[in-house]
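Note sheet for the following structure.
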Number of protein chains: 2
Amino acid sequence: MQAVTFLHGVSQMRNHCSLKQLTTHSQMPVVLSESATHRRKDTVASIDDVARHAGVSTATVSRVLNNKNTVSARTTARVLQAVTALEYVMSSSASSLASGRTKNIGVVVPALSRWYFTNVVEGVESALIRHGYDLTLYSLNDGGPARRSVFEHFLLRQRVDAVIAVSLELTTDELTRLHALNKPLVGVGGPLPGVRTLSIDDVEVSRLATQHLIDLGHRRIAHIGGTDEFEADFHLPANRREGFESALTAAGLPVRDEFFGTADFTIQGGHAAAAKLFSEHPPTDPDGPTAVFVTSDEMAIGCLLAAREVGLNVPDDVSIVGIDNHELARFFDLTTVAQYPRDQGRKAVEMLMDVLQPEQWRHGELNTPLDTTLIIRGSTAPPTTHR
Amino acid sequence: MQAVTFLHGVSQMRNHCSLKQLTTHSQMPVVLSESATHRRKDTVASIDDVARHAGVSTATVSRVLNNKNTVSARTTARVLQAVTALEYVMSSSASSLASGRTKNIGVVVPALSRWYFTNVVEGVESALIRHGYDLTLYSLNDGGPARRSVFEHFLLRQRVDAVIAVSLELTTDELTRLHALNKPLVGVGGPLPGVRTLSIDDVEVSRLATQHLIDLGHRRIAHIGGTDEFEADFHLPANRREGFESALTAAGLPVRDEFFGTADFTIQGGHAAAAKLFSEHPPTDPDGPTAVFVTSDEMAIGCLLAAREVGLNVPDDVSIVGIDNHELARFFDLTTVAQYPRDQGRKAVEMLMDVLQPEQWRHGELNTPLDTTLIIRGSTAPPTTHR
DNA sequence: AGTGGTTATGCAAGCGGTTACATTTTTACA
DNA sequence: TGTAAAAATGTAACCGCTTGCATAACCACT
């Protein structure tokens with residue numbers, strides 16, 4: 001009660017509150033949890049309260065709340081009115097315990113701070129909330145102990161109805177456990193053996209990007225690929241390299257190892273790899289690369305900056321193509337093969353919903369390929385002829 | 001193929017309908033019903049199984065599992081051994097229902113894709129998992145309907161023990177609800193009236209950055225501030241501007257409105273704002289700005305790129321200072337005031353633990369100021385004297 | 001009105017833990 | 001060795017909801 005009063009009082013000064021003012025109030029005994037112990041009496045309304053208020057049984061209330069359309073319109077209305085009147089909200093733990101459904105999805109990512117992961121998670125989050133599900137996030141930042149503990153402890157606590165694994169190569173053991181617990185699993189970003197997944201065709205994407213350079217007339221093309229910093233992103237770097245090389249080979253071009261570098265998917269990393277490449281094999285050399293296919297936009301941007309630094313003109317001296325269509329790709333006028341991680345997240349959720357809501361069952365492919373689009377911007381052009 | 005099997009979410013024996021459903025799908029390539037039926041025999045162990053196996057009561061098992069140190073060493077050992085033997089994992093819903101604690105924290109962010117938020121969440125996540133808590137993520141990407149639904153529906157479903165709000169200005173109503181439900185709340189990134197918060201002192205940080213420029217001898221300093229794209233990031237832009245202006249004023253320098261621009265915290269935004277500034281007031285003009293204080297590193301990088309584009313040399317023609325110490329700041333050799341969002345997330349969790357585990361109660365300040373550090377790199381230097 | 005088939009609702013047994021309180025076992029000490 | 005206090009364990013009443021099954025109400029048609 002007091003606290004509410006206090007909050008009202010504060011709300012008045014909300015607009016001109018400053019640090020100073022707050023510290024003045026720091027003695028105020030406003031501690032939410034303190035009242036926790038006292039407050040046992042006026043707990044939140046339970047389903048019984050609603051039932052009583054509406055003059056029906058709890059079973060009926062439950063049915064209304066779960067949209068079992070087996071309740072008459074009149075009763076439904078009365079129940080809903082009671083719900084509103086009492087500001088009733090269901091206890092999800094009670095509901096989960098009784099029904100075995102948690103309405104909660106576990107999302108496991110190798111890290112949060114990489115563009116791709118962030119965007120997938122955003123897509124997943126918004127789709128889940130639309131479906132009435134919550135998202136419990138597990139970020140395996142270090143790959144080691146955290147990962148173990150996630151799988152050994154958390155996912156198994158019956159906290160989630162299903163799992164979405166982003167760019168993660170699960171071990172057989174981990175798969176087995178999930179399987180044993182009957183948790184559906186959807187993977188995003190790379191096929192996982194025996195698991196429903198959603199992924200772009202990395203080989204094809206690379207081929208596309210490389211082919212674009214070949215089509216422009218490039219004959220000496222370098223590649224900056226990815227490293228697997230998270231021990232998670234399995235075959236991605238390899239697949240992309242494969243696509244690159246197969247495009248070269250198909251065009252009758254040699255694969256030259258000295259034109260290959262790797263980096264960690266960051267701008268800095270791309271910069272370093274490109275700097276090395278350009279210093280060892282300057283594009284201005286008669287035999288130097290006239291184009292670089294970089295396996296992510298961020299690295300491509302680093303590459304672009306490195307090029308600028310050594311006085312290379314993009315695309316005149318060297319063409320650069322990336323993958324992702326990162327927000328910055330447009331800014332840097334970078335040609336790229338777009339993928340749409342937000343959509344991927346969304347689709348993963350739809351896939352899961354198909355599984356979790358059997359009525360709407362739809363037997364899909366094990367692996368669903370995803371859209372990609374070549375977006376041609378100003379960082380690629382035919383090689384200059386005067387060389 | 002096995003994978004298909006376990007995609008069928010028949011989590012409980014009683015869920016007959018699902019089973020039936022499954023068998024009707026005869027086109028399914030897998031002998032699903034059999035394996036599923038078999039497996040259902042060994043339904044996950046419950047606390048009773050453990051109790052029986054260990055020859056104790058469920059109460060004792062529960063006590064062991066919850067570290068109530070009231071169980072003898074020998075019994076504890078026996079119980080733990082039974083837990084291992086049966087691969088027992090507690091049902092969190094049952095536990096929550098009975099105890100009223102969910103071991104789950106709700107984290108609300110305006111979006112995931114901005115550096116600051118991402119890092120705070122990472123910090124929170126890793127700290128929570130260390131404390132045995134899960135993190136349920138709510139991303140208010142659009143600020144509108146999603147936000148409403150989060151507060152109206154999800155947070156209230158007794159799904160979380162507490163809430164961490166990142167850079168979010170909650171309404172009085174939202175605060176009241178949380179309070180009514182007795183959910184402790186910690187805010188990160190800006191003081192919130194009447195709420196425990198963790199934030200850097202934006203005014204001071206700005207003053208520091210600006211003062212650095214003044215100390216270097218700059219007299220005409222521009223400022224690129226932030227816009228409040230998420231309708232969430234309350235007073236941050238204003239506070240930073242205030243710090244900027246107060247530093248100027250304290251140094252006896254005029255505040256010039258034409259030297260002020262805003263952007264949306266992105267590189268692109270910073271670039272656009274800087275391009276405009278530099279075209280209207282070229283640093284090479286006798287009366288142009290010799291330095292720019294930019295309110296985030298990403299924007300500062302945009303500013304730096306804009307400067308390069310118009311042929312300005314940084315720092316000779318124009319000094320640039322940012323805030324954050326973003327990973328790229330180092331790469332671009334950007335002077336900045338560092339803040340540590342990962343740590344901020346971690347600290348928010350510690351704060352929450354203090355509240356949630358009363359025995360360790362420690363009555364702290366309402367708002368805890370956070371560390372910042374001026375990191376001087378190559379993007380700032382004394383103004384060139386020849387002007 | 002009687003009858004069989006729907007449709008709507010209620011009953012009550014769980015779901016799997018937690019914990020106040022009761023009871024038994026140990027420990028400490030005269 | 002006896003006994004009170006402390007420590008360890010057991011008993012059982014919840015926690016708040018879901019759902020199979022039973023029952024009641026309704027609805028055409030004979």
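In the structure tokens, the first chain shown is A, the next is B, and so on; residue numbers restart at 1 for each chain, and ligands run from 1 in the order shown.
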
| field | Neighbour list for range 215-219 of chain A as a ChimeraX atom specification, cut-off 12 Å, only C-alpha atoms (C1' of nucleotides), skip fewer than 4 positions in-chain | value | /A:207-211,247-249,251-256,283,286-293,315-321,376,379-385,387

Test item: chain A residues at most 6 Å from chain D, counting only C-alpha atoms (C1' of nucleotides), as a compact mmCIF listing (two decimals) with C-alpha atoms, in the first residue's frame:
# COMPACT_ATOMS: atom_id res chain seq x y z
CA ALA A 94 0.70 -25.14 -11.91
CA SER A 95 -0.40 -25.34 -15.46
CA ALA A 98 -0.68 -30.52 -14.56
CA SER A 99 -0.46 -30.52 -18.30

| query | Would you give me, as number ranges by chain, the residues in range 116-245 of chain A that DSSP reads as strand (DSSP E or B)? | reply | A: 134-139, 162-166, 185-188, 196-199, 221-226

Can I get the selection written as a PDB file, in the first residue's frame, with N, CA and C atoms?
ATOM      1  N   ASP A 134       7.158 -18.500 -24.246  1.00  0.00           N
ATOM      2  CA  ASP A 134       8.289 -17.753 -23.734  1.00  0.00           C
ATOM      3  C   ASP A 134       9.578 -18.359 -24.259  1.00  0.00           C
ATOM      4  N   LEU A 135      10.626 -17.591 -24.131  1.00  0.00           N
ATOM      5  CA  LEU A 135      11.915 -18.051 -24.634  1.00  0.00           C
ATOM      6  C   LEU A 135      12.940 -18.011 -23.524  1.00  0.00           C
ATOM      7  N   THR A 136      13.504 -19.150 -23.239  1.00  0.00           N
ATOM      8  CA  THR A 136      14.571 -19.211 -22.255  1.00  0.00           C
ATOM      9  C   THR A 136      15.890 -19.319 -22.991  1.00  0.00           C
ATOM     10  N   LEU A 137      16.753 -18.380 -22.688  1.00  0.00           N
ATOM     11  CA  LEU A 137      17.969 -18.238 -23.469  1.00  0.00           C
ATOM     12  C   LEU A 137      19.171 -18.889 -22.794  1.00  0.00           C
ATOM     13  N   TYR A 138      19.888 -19.682 -23.563  1.00  0.00           N
ATOM     14  CA  TYR A 138      21.133 -20.238 -23.068  1.00  0.00           C
ATOM     15  C   TYR A 138      22.247 -19.829 -24.011  1.00  0.00           C
ATOM     16  N   SER A 139      23.163 -19.067 -23.501  1.00  0.00           N
ATOM     17  CA  SER A 139      24.267 -18.628 -24.334  1.00  0.00           C
ATOM     18  C   SER A 139      25.532 -19.339 -23.878  1.00  0.00           C
ATOM     19  N   ALA A 162      10.594 -27.563 -25.939  1.00  0.00           N
ATOM     20  CA  ALA A 162      11.378 -27.878 -27.125  1.00  0.00           C
ATOM     21  C   ALA A 162      12.625 -27.011 -27.128  1.00  0.00           C
ATOM     22  N   VAL A 163      13.507 -27.314 -28.034  1.00  0.00           N
ATOM     23  CA  VAL A 163      14.769 -26.595 -28.078  1.00  0.00           C
ATOM     24  C   VAL A 163      15.050 -26.116 -29.500  1.00  0.00           C
ATOM     25  N   ILE A 164      15.521 -24.910 -29.591  1.00  0.00           N
ATOM     26  CA  ILE A 164      16.022 -24.413 -30.870  1.00  0.00           C
ATOM     27  C   ILE A 164      17.518 -24.202 -30.700  1.00  0.00           C
ATOM     28  N   ALA A 165      18.283 -24.876 -31.496  1.00  0.00           N
ATOM     29  CA  ALA A 165      19.736 -24.754 -31.397  1.00  0.00           C
ATOM     30  C   ALA A 165      20.244 -23.957 -32.581  1.00  0.00           C
ATOM     31  N   VAL A 166      20.921 -22.879 -32.304  1.00  0.00           N
ATOM     32  CA  VAL A 166      21.398 -22.020 -33.383  1.00  0.00           C
ATOM     33  C   VAL A 166      22.870 -22.274 -33.651  1.00  0.00           C
ATOM     34  N   LEU A 185      13.380 -30.820 -31.307  1.00  0.00           N
ATOM     35  CA  LEU A 185      14.550 -29.972 -31.495  1.00  0.00           C
ATOM     36  C   LEU A 185      14.569 -29.475 -32.927  1.00  0.00           C
ATOM     37  N   VAL A 186      14.803 -28.202 -33.066  1.00  0.00           N
ATOM     38  CA  VAL A 186      14.967 -27.653 -34.399  1.00  0.00           C
ATOM     39  C   VAL A 186      16.301 -26.924 -34.436  1.00  0.00           C
ATOM     40  N   GLY A 187      17.056 -27.169 -35.464  1.00  0.00           N
ATOM     41  CA  GLY A 187      18.339 -26.500 -35.599  1.00  0.00           C
ATOM     42  C   GLY A 187      18.257 -25.387 -36.627  1.00  0.00           C
ATOM     43  N   VAL A 188      18.926 -24.294 -36.338  1.00  0.00           N
ATOM     44  CA  VAL A 188      18.998 -23.216 -37.314  1.00  0.00           C
ATOM     45  C   VAL A 188      20.454 -23.006 -37.682  1.00  0.00           C
ATOM     46  N   ARG A 196      15.618 -31.954 -37.512  1.00  0.00           N
ATOM     47  CA  ARG A 196      15.000 -30.958 -38.355  1.00  0.00           C
ATOM     48  C   ARG A 196      15.810 -29.695 -38.301  1.00  0.00           C
ATOM     49  N   THR A 197      16.206 -29.219 -39.425  1.00  0.00           N
ATOM     50  CA  THR A 197      17.000 -28.005 -39.413  1.00  0.00           C
ATOM     51  C   THR A 197      16.574 -27.060 -40.507  1.00  0.00           C
ATOM     52  N   LEU A 198      17.063 -25.888 -40.352  1.00  0.00           N
ATOM     53  CA  LEU A 198      16.760 -24.794 -41.236  1.00  0.00           C
ATOM     54  C   LEU A 198      18.109 -24.200 -41.557  1.00  0.00           C
ATOM     55  N   SER A 199      18.470 -24.166 -42.811  1.00  0.00           N
ATOM     56  CA  SER A 199      19.758 -23.548 -43.054  1.00  0.00           C
ATOM     57  C   SER A 199      19.897 -23.122 -44.496  1.00  0.00           C
ATOM     58  N   ILE A 221      40.934 -15.051 -57.884  1.00  0.00           N
ATOM     59  CA  ILE A 221      40.026 -14.679 -56.800  1.00  0.00           C
ATOM     60  C   ILE A 221      40.526 -15.238 -55.472  1.00  0.00           C
ATOM     61  N   ALA A 222      40.589 -14.372 -54.500  1.00  0.00           N
ATOM     62  CA  ALA A 222      41.004 -14.816 -53.163  1.00  0.00           C
ATOM     63  C   ALA A 222      39.778 -15.113 -52.311  1.00  0.00           C
ATOM     64  N   HIS A 223      39.999 -15.819 -51.225  1.00  0.00           N
ATOM     65  CA  HIS A 223      38.878 -16.153 -50.330  1.00  0.00           C
ATOM     66  C   HIS A 223      39.299 -15.986 -48.879  1.00  0.00           C
ATOM     67  N   ILE A 224      38.512 -15.233 -48.164  1.00  0.00           N
ATOM     68  CA  ILE A 224      38.739 -15.163 -46.721  1.00  0.00           C
ATOM     69  C   ILE A 224      37.601 -15.913 -46.050  1.00  0.00           C
ATOM     70  N   GLY A 225      37.938 -17.014 -45.435  1.00  0.00           N
ATOM     71  CA  GLY A 225      36.932 -17.879 -44.828  1.00  0.00           C
ATOM     72  C   GLY A 225      36.856 -17.675 -43.324  1.00  0.00           C
ATOM     73  N   GLY A 226      36.024 -18.465 -42.708  1.00  0.00           N
ATOM     74  CA  GLY A 226      35.821 -18.310 -41.271  1.00  0.00           C
ATOM     75  C   GLY A 226      36.608 -19.309 -40.459  1.00  0.00           C
TER      76      GLY A 226
END

| request: With a cut-off of 12 Å and counting only C-alpha atoms (C1' of nucleotides), select all residues of chain C in contact with chain B and give the selection as a list of chain:residue names. | output: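 The selection requested is C:DG14, C:DC15, C:DG16, C:DG17, C:DT18, C:DT19, C:DA20, C:DT25, C:DT26.
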
| message | Between CA of Val205 in chain B and CA of Phe244 in chain B, what is the distance in Å, rounded to a tenth? | response |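 Interatomic distance, CA of Val205 in chain B to CA of Phe244 in chain B: 8.8 Å.
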
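Proximity to chain A was assessed for B:Phe331, B:Phe278, B:Phe117, B:Phe260 counting only C-alpha atoms; the smallest distance is recorded for B:Phe331.
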
| request: Would you list the contacts of Glu125 in chain A as a ChimeraX atom specification, taking every protein, DNA or RNA residue within 12 Å and counting only C-alpha atoms (C1' of nucleotides), but skipping same-chain residues closer than 4 positions in sequence? | output: /A:104-107,117-121,129-137,164,342-350 /B:108-109,111-112,136-141,146,150

| message | If I take CA of Val83 in chain B and CA of Thr176 in chain A, how far is one from the other in Å, to one decimal? | response | 19.2 Å
